[in-house]
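To start, the structure itself, in structure tokens.
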Amino acid sequence: MLSRPIDPAVAARHCYGGRAARCEVKQSDSVFRVLFVEEEGLGQPRVDGVLGLVDKTEYVRAASLREARSLLQSGDIDLVVADESRLRRVIDSIFTLVGLFSVGGVVVDVNQAPLTASGLRREQVVGHRFIDLPWFAHSAEERSRIETAIATAAVGEPVRLEVWIRSIRDGRPMCIDAAFTPLRDQNNLITHVIGSGVDVTARKRAEEAMVASQARLAEAQRVAHVGSWEWNVADNHVNWSDELFHIYAVDRADFIPSYEGFLSRVDPEDVKHTKAVIQQAVEDVAPFIYDHRIRRPDGEVRMLHTRGEVIADGGKAARLVGSCWDVTDRWRATQQLEHSISTLTATLEATADGILVGDRRGKVSALNQRFLAMWRLPSEIGPGADIRKLGDGVRDELVDSDAFVARMVELSGDDEREVRDILRFQDGRVFEWYSMPQRLGTYVCGRVSSFRDVTQREELLSTVEARRADAEAARTQYEVILERISDGFIALDRTWRYTYVNRSGARMLGRNAADLIGKHIWTEFPEGRGQKFHLAYEQAMEEQRPIHMREYYPPWHRWYESRIYPSPEGISIFFSDVTGQVQAQQQLHASNEQLRALAARLDAVREEERRVMAREIHDQIGQALTALKLDVGWIRGQLTGSAAAAVEERAREMDALVDQAIKTAQRVSATLRPAILDDLGLAAAIRWQARDFEQRSGVACDLDLPPDGVPAAPATALTLFRILQEALTNVARHAQAHQVNIGLTLDADSAVLTIVDDGRGITADELERPTSLGIVGIRERALAVGGEVTIQGSAGLGTTLRVRVPTTAGQTTAGHPA
Amino acid sequence: MTRILLVDDSEDVRRSVRALLAGELGQVTIGEARDAAEALALARRERWDVVLLDLSLPDRGGMDTLRDIRRLESAPPVIVMSFHVEAEYAAAARASGAAGYVTKGSASAVIASAVKSALASTAGAMD
């Protein structure tokens, strides 16, 4: 029995005394049995000190491993002491770090390597927890990993790990490839954990360097858009770098590179050339450089710059290696640049302006043909020509050559200057000259001048200017006139806004002209909306025809006369206040009406007087003369005797005198008032009057009359009869007629008298002449009874007078025959 | 005895005509009327061989009076004696039934002749 449980760590310490040995300690309740294995070659075990630790110790010796194994199998062996000095020396001599740990992580034994590396002695480590020992400068993280690995192995799970540590001797970082594996006894129970480690720092460094190198290469390829490839011609095996896959936009998993696969990606237009280049390289076993386009799966075209070398084997091409540089961006930029240059060149030549670009040395860097043509310079002049010489050659053609030269000098001394100038030539040509610096970024690298032939424009401008001046003068004149006239004048644009108001117009509108300009007429004068003037303005504007109107304007209680003239731009309106004029006209009209009524009344009175006088003549004078006539006749019948002759003579003279008196009375009576009109009616009166006219004038009368007795109102009959008399008087006096046709129609409503002559024809002037009193009288008579008169003359064909008067039926004119 | 009705509003004219007819016709009865009403009354009431009628009467148109007389039963011939010389009057008088038309300015012989002529026609008709 052991007096106390043996601490295996203590036991091992004593057991080995710093020498390499293997020691297992088992507890036993009775006798602590120690088996010494003295296998040949293993040396003598030394167990001093071990014995002193136990109360009862039984030493069992085994001469050979076989014997030792047999003893162990018999059991009851608490401690096996084996002299393993040779093996130990072997183990101690290897660089691998080896350690034996208890399942709790306590160091049971280690070989020399960790001791050498750490500078510790064996006795300083055995019996201590591995991770607590200052082997290396473990980081807390690595320490934890090691502890976990030992614990994992202690439960049966081998662990391998790489740990980075730092040597406590020289502080050097070390990478240890460590392994922890469980150690089992004959019962397969885990008794220990074996740890081993190899310093792989150098290898690790190399690996890391390689990985970094590869990454840097890939990165370089990626950044440079350069992919590399290798083609083994014999077996058509092709290797592509990652970047090449990237350049071709294909996935390594989907695309297995081959020569044919490569060709299938080349742009169809470049396939032939590509094959030729490669074929030539293979035949010549020579390096090659060429550009070709490829098509990505999505159709995008990329441009690759490929360099290749051919590696020969036995004089024949065995492998091709090379790189592909994706130069698409540069290629596109070049294309763009070429396009731009092409566009610029075409534009330069297509422009109507003459263009001259000079560098800072005063040499031509670019020009177009138009420039040469404009300046009448030889067409062979091109880039490199001296601009000053060009200027010297043409300056004498300029009107002001000194100014031109001064300008050239000025520009040559000031790179930043921008100039716009007009160059006038002696032959009348005018150029517009625009000069500005040519910049490359902020650097001025030259000067661009453009010349435009503006001769026609200048001529046009001067013409326009002259016309504008004329128009301005005319407009001023018009305005002067407009401002002086008493009529108001306003101009409105198509949106009904005032564009002009003259002084009189402003006064009549009661506004300041300047205040109205631009204002909307119906906003300024809303009371005018819907009035006749408003409607007329709109009508004039819409129909584009002038309108002349004179209307009452209720809002202002005044009469205005307007002349509205439309134009596509708007309307112009002359207007005047004619209220006074209209009132005067109205008064005149009223006066005329009064006058007419008075005249009609006078005429009626005169007619009545005539009628009375005629009757008096008839009743008094006529009857008296009648009686006298009969009496004279009676007297003459009574005469006899000598005195009779003398009396008879006197009686006869008396009879003649009475006859004359009677005839006079009859004529006067008929003239005053033709009784026939009253006694026999209008038709009979016309007939009589016509015959009388024939007899007096010699002009034949043709009548178309209704039968006698067809009734006509006395006033109607009298009017028509007097008109007939007046008309026949006119015919006799003026018409130079040979024939007069007189027609009369009578119906229930009206009587129409027509008098047509075949004379010279009354003229319009005669019709309107105020001195044509006969015509005026005819009109007035008709008007007095509500009738109307039309008179038409036709030169050489006569005159037609037509009178229509209303009539009232029922009363005949016959009534008071004498 | 010949009976003549003389219709005229003028007393002077009637007197002169009366003297004329007396002188020309000798035994003659002359009735006188100053207006149409009297004339028609006499014409209805008595027998007349001839009526001498002025067209200008104060109460009624002469032509109307003429037609009234002519419409009477056994109407006497009427000679219109008017101051109007216009032919239309004569035509109108004849159209209204007058036997003759003489103007007052005519010579006495003309008037006498017209009366005689009318009397003759009346006598002939009575025969």
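Here's how to read the names in the structure tokens: chain A, B, ... by the order shown, residue numbers from 1 in each chain, ligand numbers from 1 in the order shown.
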For a quick test of understanding: name the residues of chain A lying within 9 Å of chain B when counting only C-alpha atoms, and present them as an mmCIF file with all heavy atoms, in the first residue's frame.
data_model
loop_
_atom_site.group_PDB
_atom_site.id
_atom_site.type_symbol
_atom_site.label_atom_id
_atom_site.label_comp_id
_atom_site.auth_asym_id
_atom_site.auth_seq_id
_atom_site.Cartn_x
_atom_site.Cartn_y
_atom_site.Cartn_z
ATOM 1 N N HIS A 618 -116.448 131.085 -111.673
ATOM 2 C CA HIS A 618 -117.499 130.392 -112.411
ATOM 3 C C HIS A 618 -118.888 130.896 -112.031
ATOM 4 O O HIS A 618 -119.709 131.250 -112.893
ATOM 5 C CB HIS A 618 -117.405 128.889 -112.121
ATOM 6 C CG HIS A 618 -118.529 128.105 -112.704
ATOM 7 N ND1 HIS A 618 -119.685 127.839 -112.010
ATOM 8 C CD2 HIS A 618 -118.704 127.558 -113.938
ATOM 9 C CE1 HIS A 618 -120.521 127.166 -112.766
ATOM 10 N NE2 HIS A 618 -119.926 126.961 -113.955
ATOM 11 N N ASP A 619 -119.100 130.944 -110.717
ATOM 12 C CA ASP A 619 -120.455 131.238 -110.270
ATOM 13 C C ASP A 619 -120.823 132.712 -110.481
ATOM 14 O O ASP A 619 -121.967 133.014 -110.808
ATOM 15 C CB ASP A 619 -120.611 130.887 -108.791
ATOM 16 C CG ASP A 619 -120.610 129.384 -108.569
ATOM 17 O OD1 ASP A 619 -120.626 128.627 -109.573
ATOM 18 O OD2 ASP A 619 -120.529 128.938 -107.396
ATOM 19 N N GLN A 620 -119.876 133.524 -110.230
ATOM 20 C CA GLN A 620 -120.215 134.940 -110.304
ATOM 21 C C GLN A 620 -119.905 135.527 -111.678
ATOM 22 O O GLN A 620 -120.805 135.925 -112.427
ATOM 23 C CB GLN A 620 -119.439 135.716 -109.216
ATOM 24 C CG GLN A 620 -119.711 135.222 -107.800
ATOM 25 C CD GLN A 620 -121.185 135.269 -107.422
ATOM 26 O OE1 GLN A 620 -121.922 136.213 -107.802
ATOM 27 N NE2 GLN A 620 -121.679 134.263 -106.715
ATOM 28 N N GLY A 622 -118.624 134.097 -114.364
ATOM 29 C CA GLY A 622 -119.062 133.263 -115.473
ATOM 30 C C GLY A 622 -120.555 133.424 -115.735
ATOM 31 O O GLY A 622 -121.004 133.595 -116.884
ATOM 32 N N GLN A 623 -121.327 133.338 -114.652
ATOM 33 C CA GLN A 623 -122.776 133.461 -114.832
ATOM 34 C C GLN A 623 -123.130 134.841 -115.364
ATOM 35 O O GLN A 623 -123.980 134.979 -116.247
ATOM 36 C CB GLN A 623 -123.468 133.223 -113.470
ATOM 37 C CG GLN A 623 -123.236 131.851 -112.883
ATOM 38 C CD GLN A 623 -123.909 130.727 -113.653
ATOM 39 O OE1 GLN A 623 -123.645 130.554 -114.861
ATOM 40 N NE2 GLN A 623 -124.775 129.967 -112.995
ATOM 41 N N ALA A 624 -122.431 135.865 -114.783
ATOM 42 C CA ALA A 624 -122.727 137.233 -115.221
ATOM 43 C C ALA A 624 -122.394 137.404 -116.691
ATOM 44 O O ALA A 624 -123.180 137.974 -117.468
ATOM 45 C CB ALA A 624 -121.929 138.216 -114.373
ATOM 46 N N LEU A 625 -121.246 136.890 -117.062
ATOM 47 C CA LEU A 625 -120.840 137.003 -118.457
ATOM 48 C C LEU A 625 -121.787 136.209 -119.361
ATOM 49 O O LEU A 625 -122.086 136.632 -120.488
ATOM 50 C CB LEU A 625 -119.393 136.502 -118.614
ATOM 51 C CG LEU A 625 -118.315 137.418 -118.026
ATOM 52 C CD1 LEU A 625 -116.951 136.742 -118.078
ATOM 53 C CD2 LEU A 625 -118.261 138.744 -118.795
ATOM 54 N N THR A 626 -122.230 135.072 -118.841
ATOM 55 C CA THR A 626 -123.177 134.275 -119.620
ATOM 56 C C THR A 626 -124.453 135.072 -119.895
ATOM 57 O O THR A 626 -124.948 135.143 -121.025
ATOM 58 C CB THR A 626 -123.526 132.991 -118.859
ATOM 59 O OG1 THR A 626 -122.320 132.246 -118.675
ATOM 60 C CG2 THR A 626 -124.546 132.167 -119.613
ATOM 61 N N ALA A 627 -124.946 135.670 -118.818
ATOM 62 C CA ALA A 627 -126.168 136.460 -118.970
ATOM 63 C C ALA A 627 -125.934 137.634 -119.914
ATOM 64 O O ALA A 627 -126.761 137.931 -120.790
ATOM 65 C CB ALA A 627 -126.615 136.953 -117.591
ATOM 66 N N LEU A 628 -124.742 138.244 -119.736
ATOM 67 C CA LEU A 628 -124.386 139.390 -120.577
ATOM 68 C C LEU A 628 -124.313 138.981 -122.036
ATOM 69 O O LEU A 628 -124.836 139.683 -122.923
ATOM 70 C CB LEU A 628 -123.037 139.927 -120.096
ATOM 71 C CG LEU A 628 -122.661 141.330 -120.524
ATOM 72 C CD1 LEU A 628 -123.711 142.322 -120.035
ATOM 73 C CD2 LEU A 628 -121.294 141.708 -119.930
ATOM 74 N N LYS A 629 -123.721 137.863 -122.243
ATOM 75 C CA LYS A 629 -123.583 137.351 -123.622
ATOM 76 C C LYS A 629 -124.955 137.133 -124.271
ATOM 77 O O LYS A 629 -125.208 137.546 -125.424
ATOM 78 C CB LYS A 629 -122.795 136.028 -123.557
ATOM 79 C CG LYS A 629 -122.779 135.206 -124.827
ATOM 80 C CD LYS A 629 -121.825 135.754 -125.856
ATOM 81 C CE LYS A 629 -121.771 134.837 -127.100
ATOM 82 N NZ LYS A 629 -120.966 135.446 -128.149
ATOM 83 N N LEU A 630 -125.819 136.501 -123.471
ATOM 84 C CA LEU A 630 -127.158 136.236 -124.006
ATOM 85 C C LEU A 630 -127.908 137.553 -124.233
ATOM 86 O O LEU A 630 -128.625 137.701 -125.226
ATOM 87 C CB LEU A 630 -127.931 135.340 -123.032
ATOM 88 C CG LEU A 630 -127.394 133.911 -122.896
ATOM 89 C CD1 LEU A 630 -128.123 133.154 -121.806
ATOM 90 C CD2 LEU A 630 -127.515 133.175 -124.236
ATOM 91 N N ASP A 631 -127.702 138.453 -123.308
ATOM 92 C CA ASP A 631 -128.403 139.739 -123.436
ATOM 93 C C ASP A 631 -127.897 140.509 -124.648
ATOM 94 O O ASP A 631 -128.686 141.107 -125.382
ATOM 95 C CB ASP A 631 -128.191 140.583 -122.174
ATOM 96 C CG ASP A 631 -128.975 140.014 -120.969
ATOM 97 O OD1 ASP A 631 -129.813 139.113 -121.201
ATOM 98 O OD2 ASP A 631 -128.678 140.410 -119.823
ATOM 99 N N GLY A 633 -126.714 139.276 -127.257
ATOM 100 C CA GLY A 633 -127.294 138.574 -128.394
ATOM 101 C C GLY A 633 -128.753 138.988 -128.606
ATOM 102 O O GLY A 633 -129.205 139.182 -129.737
ATOM 103 N N TRP A 634 -129.460 139.115 -127.479
ATOM 104 C CA TRP A 634 -130.882 139.518 -127.594
ATOM 105 C C TRP A 634 -130.985 140.916 -128.165
ATOM 106 O O TRP A 634 -131.786 141.185 -129.040
ATOM 107 C CB TRP A 634 -131.491 139.474 -126.174
ATOM 108 C CG TRP A 634 -132.963 139.796 -126.217
ATOM 109 C CD1 TRP A 634 -134.003 139.008 -126.488
ATOM 110 C CD2 TRP A 634 -133.500 141.090 -125.962
ATOM 111 N NE1 TRP A 634 -135.200 139.630 -126.448
ATOM 112 C CE2 TRP A 634 -134.906 140.970 -126.114
ATOM 113 C CE3 TRP A 634 -132.967 142.355 -125.634
ATOM 114 C CZ2 TRP A 634 -135.784 142.056 -125.945
ATOM 115 C CZ3 TRP A 634 -133.863 143.408 -125.476
ATOM 116 C CH2 TRP A 634 -135.217 143.256 -125.603
ATOM 117 N N GLY A 637 -130.490 141.139 -131.721
ATOM 118 C CA GLY A 637 -131.654 140.621 -132.453
ATOM 119 C C GLY A 637 -132.787 141.648 -132.530
ATOM 120 O O GLY A 637 -133.647 141.571 -133.425
ATOM 121 N N ASP A 655 -120.270 141.974 -127.871
ATOM 122 C CA ASP A 655 -120.384 140.505 -127.872
ATOM 123 C C ASP A 655 -118.990 139.880 -127.906
ATOM 124 O O ASP A 655 -118.679 138.927 -127.171
ATOM 125 C CB ASP A 655 -121.204 140.071 -129.096
ATOM 126 C CG ASP A 655 -121.709 138.637 -128.955
ATOM 127 O OD1 ASP A 655 -121.592 138.075 -127.801
ATOM 128 O OD2 ASP A 655 -122.172 138.029 -129.942
ATOM 129 N N VAL A 658 -117.390 140.312 -124.642
ATOM 130 C CA VAL A 658 -117.927 139.346 -123.659
ATOM 131 C C VAL A 658 -117.343 137.957 -123.908
ATOM 132 O O VAL A 658 -116.957 137.233 -122.967
ATOM 133 C CB VAL A 658 -119.462 139.326 -123.723
ATOM 134 C CG1 VAL A 658 -120.013 138.180 -122.877
ATOM 135 C CG2 VAL A 658 -120.029 140.635 -123.225
ATOM 136 N N ASP A 659 -117.280 137.595 -125.191
ATOM 137 C CA ASP A 659 -116.680 136.279 -125.516
ATOM 138 C C ASP A 659 -115.270 136.154 -124.939
ATOM 139 O O ASP A 659 -114.897 135.132 -124.345
ATOM 140 C CB ASP A 659 -116.610 136.115 -127.041
ATOM 141 C CG ASP A 659 -117.955 135.684 -127.623
ATOM 142 O OD1 ASP A 659 -118.843 135.311 -126.798
ATOM 143 O OD2 ASP A 659 -118.088 135.694 -128.846
ATOM 144 N N ILE A 662 -115.395 135.780 -121.291
ATOM 145 C CA ILE A 662 -115.820 134.418 -120.910
ATOM 146 C C ILE A 662 -114.652 133.436 -121.049
ATOM 147 O O ILE A 662 -114.388 132.605 -120.175
ATOM 148 C CB ILE A 662 -117.021 133.977 -121.772
ATOM 149 C CG1 ILE A 662 -118.272 134.744 -121.304
ATOM 150 C CG2 ILE A 662 -117.254 132.470 -121.685
ATOM 151 C CD1 ILE A 662 -119.499 134.530 -122.201
ATOM 152 N N LYS A 663 -113.968 133.554 -122.190
ATOM 153 C CA LYS A 663 -112.836 132.636 -122.410
ATOM 154 C C LYS A 663 -111.772 132.811 -121.321
ATOM 155 O O LYS A 663 -111.217 131.834 -120.788
ATOM 156 C CB LYS A 663 -112.210 132.900 -123.785
ATOM 157 C CG LYS A 663 -112.983 132.310 -124.933
ATOM 158 C CD LYS A 663 -112.183 132.383 -126.224
ATOM 159 C CE LYS A 663 -112.859 131.665 -127.374
ATOM 160 N NZ LYS A 663 -114.216 132.208 -127.711
ATOM 161 N N GLN A 666 -113.012 131.276 -118.197
ATOM 162 C CA GLN A 666 -112.927 129.797 -118.283
ATOM 163 C C GLN A 666 -111.479 129.323 -118.102
ATOM 164 O O GLN A 666 -111.206 128.342 -117.397
ATOM 165 C CB GLN A 666 -113.475 129.340 -119.650
ATOM 166 C CG GLN A 666 -114.986 129.432 -119.729
ATOM 167 C CD GLN A 666 -115.491 129.184 -121.141
ATOM 168 O OE1 GLN A 666 -114.804 129.461 -122.135
ATOM 169 N NE2 GLN A 666 -116.748 128.716 -121.243
ATOM 170 N N ALA A 670 -110.086 127.240 -114.991
ATOM 171 C CA ALA A 670 -109.501 125.907 -115.202
ATOM 172 C C ALA A 670 -108.082 125.845 -114.664
ATOM 173 O O ALA A 670 -107.642 124.818 -114.136
ATOM 174 C CB ALA A 670 -109.523 125.549 -116.682
ATOM 175 N N ALA A 675 -112.051 122.084 -112.719
ATOM 176 C CA ALA A 675 -113.308 121.531 -112.198
ATOM 177 C C ALA A 675 -113.536 120.134 -112.728
ATOM 178 O O ALA A 675 -114.201 119.313 -112.085
ATOM 179 C CB ALA A 675 -114.474 122.435 -112.592
ATOM 180 N N ILE A 676 -112.932 119.855 -113.860
ATOM 181 C CA ILE A 676 -113.137 118.539 -114.466
ATOM 182 C C ILE A 676 -112.689 117.417 -113.528
ATOM 183 O O ILE A 676 -113.233 116.321 -113.522
ATOM 184 C CB ILE A 676 -112.388 118.469 -115.813
ATOM 185 C CG1 ILE A 676 -112.772 117.189 -116.585
ATOM 186 C CG2 ILE A 676 -110.886 118.541 -115.613
ATOM 187 C CD1 ILE A 676 -112.262 117.199 -118.016
ATOM 188 N N ASP A 679 -115.426 117.129 -111.164
ATOM 189 C CA ASP A 679 -116.707 116.784 -111.772
ATOM 190 C C ASP A 679 -116.662 115.427 -112.477
ATOM 191 O O ASP A 679 -117.611 114.640 -112.385
ATOM 192 C CB ASP A 679 -117.083 117.851 -112.806
ATOM 193 C CG ASP A 679 -117.363 119.198 -112.138
ATOM 194 O OD1 ASP A 679 -117.671 119.196 -110.929
ATOM 195 O OD2 ASP A 679 -117.216 120.229 -112.809
ATOM 196 N N LEU A 680 -115.541 115.129 -113.172
ATOM 197 C CA LEU A 680 -115.516 113.944 -114.030
ATOM 198 C C LEU A 680 -114.500 112.888 -113.577
ATOM 199 O O LEU A 680 -114.451 111.794 -114.122
ATOM 200 C CB LEU A 680 -115.209 114.356 -115.466
ATOM 201 C CG LEU A 680 -116.187 115.355 -116.062
ATOM 202 C CD1 LEU A 680 -115.781 115.676 -117.485
ATOM 203 C CD2 LEU A 680 -117.616 114.803 -116.033
ATOM 204 N N ALA A 684 -110.622 111.454 -116.556
ATOM 205 C CA ALA A 684 -111.082 112.488 -117.483
ATOM 206 C C ALA A 684 -110.168 113.707 -117.406
ATOM 207 O O ALA A 684 -109.817 114.307 -118.433
ATOM 208 C CB ALA A 684 -112.518 112.878 -117.149
ATOM 209 N N ALA A 685 -109.784 114.037 -116.181
ATOM 210 C CA ALA A 685 -108.907 115.189 -116.008
ATOM 211 C C ALA A 685 -107.574 114.947 -116.689
ATOM 212 O O ALA A 685 -107.014 115.842 -117.328
ATOM 213 C CB ALA A 685 -108.698 115.442 -114.516
ATOM 214 N N ARG A 687 -106.995 112.938 -119.178
ATOM 215 C CA ARG A 687 -107.228 112.965 -120.619
ATOM 216 C C ARG A 687 -107.267 114.412 -121.143
ATOM 217 O O ARG A 687 -106.665 114.749 -122.156
ATOM 218 C CB ARG A 687 -108.554 112.251 -120.924
ATOM 219 C CG ARG A 687 -108.648 111.712 -122.325
ATOM 220 C CD ARG A 687 -109.626 110.550 -122.462
ATOM 221 N NE ARG A 687 -110.803 110.707 -121.648
ATOM 222 C CZ ARG A 687 -111.168 109.838 -120.691
ATOM 223 N NH1 ARG A 687 -110.426 108.772 -120.442
ATOM 224 N NH2 ARG A 687 -112.274 110.049 -119.995
ATOM 225 N N TRP A 688 -108.025 115.226 -120.418
ATOM 226 C CA TRP A 688 -108.114 116.644 -120.812
ATOM 227 C C TRP A 688 -106.752 117.309 -120.766
ATOM 228 O O TRP A 688 -106.337 117.985 -121.680
ATOM 229 C CB TRP A 688 -109.088 117.361 -119.857
ATOM 230 C CG TRP A 688 -108.960 118.861 -119.968
ATOM 231 C CD1 TRP A 688 -109.399 119.662 -120.975
ATOM 232 C CD2 TRP A 688 -108.313 119.711 -119.024
ATOM 233 N NE1 TRP A 688 -109.088 120.959 -120.755
ATOM 234 C CE2 TRP A 688 -108.405 121.027 -119.545
ATOM 235 C CE3 TRP A 688 -107.692 119.502 -117.808
ATOM 236 C CZ2 TRP A 688 -107.869 122.126 -118.859
ATOM 237 C CZ3 TRP A 688 -107.177 120.592 -117.156
ATOM 238 C CH2 TRP A 688 -107.257 121.897 -117.663
ATOM 239 N N ALA A 814 -116.152 113.101 -108.747
ATOM 240 C CA ALA A 814 -117.220 113.879 -109.405
ATOM 241 C C ALA A 814 -118.239 114.315 -108.359
ATOM 242 O O ALA A 814 -118.650 113.531 -107.525
ATOM 243 C CB ALA A 814 -117.901 113.023 -110.472
ATOM 244 N N GLY A 815 -118.609 115.527 -108.356
ATOM 245 C CA GLY A 815 -119.561 115.923 -107.327
ATOM 246 C C GLY A 815 -120.092 117.333 -107.478
ATOM 247 O O GLY A 815 -121.232 117.584 -107.184
ATOM 248 N N HIS A 816 -119.197 118.187 -107.941
ATOM 249 C CA HIS A 816 -119.676 119.580 -107.992
ATOM 250 C C HIS A 816 -119.439 120.183 -109.355
ATOM 251 O O HIS A 816 -118.745 121.170 -109.502
ATOM 252 C CB HIS A 816 -118.943 120.425 -106.934
ATOM 253 C CG HIS A 816 -119.104 119.876 -105.547
ATOM 254 N ND1 HIS A 816 -120.251 120.084 -104.800
ATOM 255 C CD2 HIS A 816 -118.286 119.132 -104.793
ATOM 256 C CE1 HIS A 816 -120.109 119.487 -103.628
ATOM 257 N NE2 HIS A 816 -118.933 118.888 -103.603
ATOM 258 N N PRO A 817 -120.045 119.571 -110.363
ATOM 259 C CA PRO A 817 -119.803 120.145 -111.682
ATOM 260 C C PRO A 817 -120.466 121.522 -111.820
ATOM 261 O O PRO A 817 -121.533 121.757 -111.268
ATOM 262 C CB PRO A 817 -120.425 119.121 -112.637
ATOM 263 C CG PRO A 817 -121.378 118.339 -111.828
ATOM 264 C CD PRO A 817 -120.938 118.415 -110.405
ATOM 265 N N ALA A 818 -119.850 122.366 -112.571
ATOM 266 C CA ALA A 818 -120.400 123.707 -112.736
ATOM 267 C C ALA A 818 -121.328 123.736 -113.938
ATOM 268 O O ALA A 818 -121.052 123.063 -114.905
ATOM 269 C CB ALA A 818 -119.269 124.697 -112.918
#
Practice prompt. Check the DSSP output for the backbone and give back, as an MDAnalysis selection string, the residues of segment 1-96 of chain B in strand (DSSP E or B).
Written response: chainID B and resid 2:7 28:33 50:53 78:82
Worksheet entry | Interatomic distance, atom CA of Leu5 of chain B to atom CA of Arg652 of chain A (Å, one decimal) |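 Distance between the two atoms: 29.3 Å.
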Worksheet item: Where in chain B does DSSP assign helix (DSSP H, G or I), given as number ranges by chain?
Response: B: 11-25, 36-45, 62-70, 87-95, 108-126
Item to complete: Find the distance between atom CA of Ala39 of chain B and atom CA of Met1 of chain B and write it in Å to one decimal.
Response: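 So the two atoms, atom CA of Ala39 of chain B and atom CA of Met1 of chain B, lie 19.7 Å apart.
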Which polymer residues have any atom within 8 Å of an atom of Val28 of chain B, counting only C-alpha atoms, with same-chain residues fewer than 3 positions away left out, as a PDB file with N, CA, C and O atoms, in the first residue's frame?
ATOM      1  N   MET B   1    -148.665 123.992-126.002  1.00  0.00           N
ATOM      2  CA  MET B   1    -147.608 124.994-125.874  1.00  0.00           C
ATOM      3  C   MET B   1    -146.325 124.303-125.403  1.00  0.00           C
ATOM      4  O   MET B   1    -146.356 123.379-124.610  1.00  0.00           O
ATOM      5  N   THR B   2    -145.265 124.781-125.961  1.00  0.00           N
ATOM      6  CA  THR B   2    -143.950 124.186-125.595  1.00  0.00           C
ATOM      7  C   THR B   2    -143.602 124.521-124.155  1.00  0.00           C
ATOM      8  O   THR B   2    -143.730 125.641-123.712  1.00  0.00           O
ATOM      9  N   ARG B   3    -143.168 123.474-123.475  1.00  0.00           N
ATOM     10  CA  ARG B   3    -142.823 123.697-122.053  1.00  0.00           C
ATOM     11  C   ARG B   3    -141.325 123.350-121.846  1.00  0.00           C
ATOM     12  O   ARG B   3    -140.884 122.261-122.158  1.00  0.00           O
ATOM     13  N   ILE B   4    -140.657 124.355-121.353  1.00  0.00           N
ATOM     14  CA  ILE B   4    -139.210 124.177-121.154  1.00  0.00           C
ATOM     15  C   ILE B   4    -138.887 124.440-119.683  1.00  0.00           C
ATOM     16  O   ILE B   4    -139.309 125.451-119.130  1.00  0.00           O
ATOM     17  N   LEU B  21    -135.283 132.364-125.234  1.00  0.00           N
ATOM     18  CA  LEU B  21    -136.234 131.335-125.669  1.00  0.00           C
ATOM     19  C   LEU B  21    -137.553 131.967-126.125  1.00  0.00           C
ATOM     20  O   LEU B  21    -138.152 131.535-127.122  1.00  0.00           O
ATOM     21  N   ALA B  22    -137.953 133.014-125.393  1.00  0.00           N
ATOM     22  CA  ALA B  22    -139.204 133.693-125.781  1.00  0.00           C
ATOM     23  C   ALA B  22    -139.051 134.287-127.162  1.00  0.00           C
ATOM     24  O   ALA B  22    -139.966 134.213-127.996  1.00  0.00           O
ATOM     25  N   LEU B  25    -138.719 131.134-129.666  1.00  0.00           N
ATOM     26  CA  LEU B  25    -139.769 130.123-129.783  1.00  0.00           C
ATOM     27  C   LEU B  25    -141.176 130.726-129.702  1.00  0.00           C
ATOM     28  O   LEU B  25    -142.166 130.022-129.920  1.00  0.00           O
TER      29      LEU B  25
END
Discussion item. List the spatial neighbours of Ala385 of chain A as a list in words - criterion: any atom at most 7 Å away, only C-alpha atoms, same-chain residues fewer than 2 positions off excluded.
Written reply: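 Near neighbours after the sequence-gap exclusion: Lys363, Val364, Ile381, Gly382, Pro383 and Ile387 of chain A.
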Worksheet item: So, counting only C-alpha atoms, which residue among A:Met374, A:Leu783, A:Ala215, A:Ile131 is closest to Ala599 of chain A?
Response: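 Once distances to Ala599 of chain A are computed over only C-alpha atoms, the minimum belongs to A:Leu783.
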Practice prompt. Using atom CA of Gly580 of chain A and atom CA of Leu492 of chain A as the two end points, give the distance in Å to one decimal.
Written response: 27.1 Å
Write out as a CSV table (one decimal) with N, CA, C and O atoms, in the first residue's frame which residues come within 6 Å of Leu52 of chain B when counting only C-alpha atoms, dropping same-chain ones fewer than 6 positions away.
chain,number,residue,atom,x,y,z
B,6,LEU,N,-136.1,125.3,-117.1
B,6,LEU,CA,-134.8,125.9,-117.1
B,6,LEU,C,-134.2,125.8,-115.7
B,6,LEU,O,-134.8,126.2,-114.7
B,7,VAL,N,-133.0,125.1,-115.6
B,7,VAL,CA,-132.4,124.8,-114.3
B,7,VAL,C,-131.1,125.5,-114.2
B,7,VAL,O,-130.1,125.2,-114.9
B,78,VAL,N,-132.8,116.4,-122.3
B,78,VAL,CA,-132.1,117.4,-121.5
B,78,VAL,C,-131.0,118.0,-122.3
B,78,VAL,O,-130.2,117.2,-122.9
B,79,ILE,N,-130.9,119.3,-122.3
B,79,ILE,CA,-129.8,120.0,-122.9
B,79,ILE,C,-129.0,120.6,-121.8
B,79,ILE,O,-129.4,121.3,-121.0
B,80,VAL,N,-127.7,120.1,-121.8
B,80,VAL,CA,-126.8,120.6,-120.8
B,80,VAL,C,-126.2,121.9,-121.3
B,80,VAL,O,-125.7,122.0,-122.4
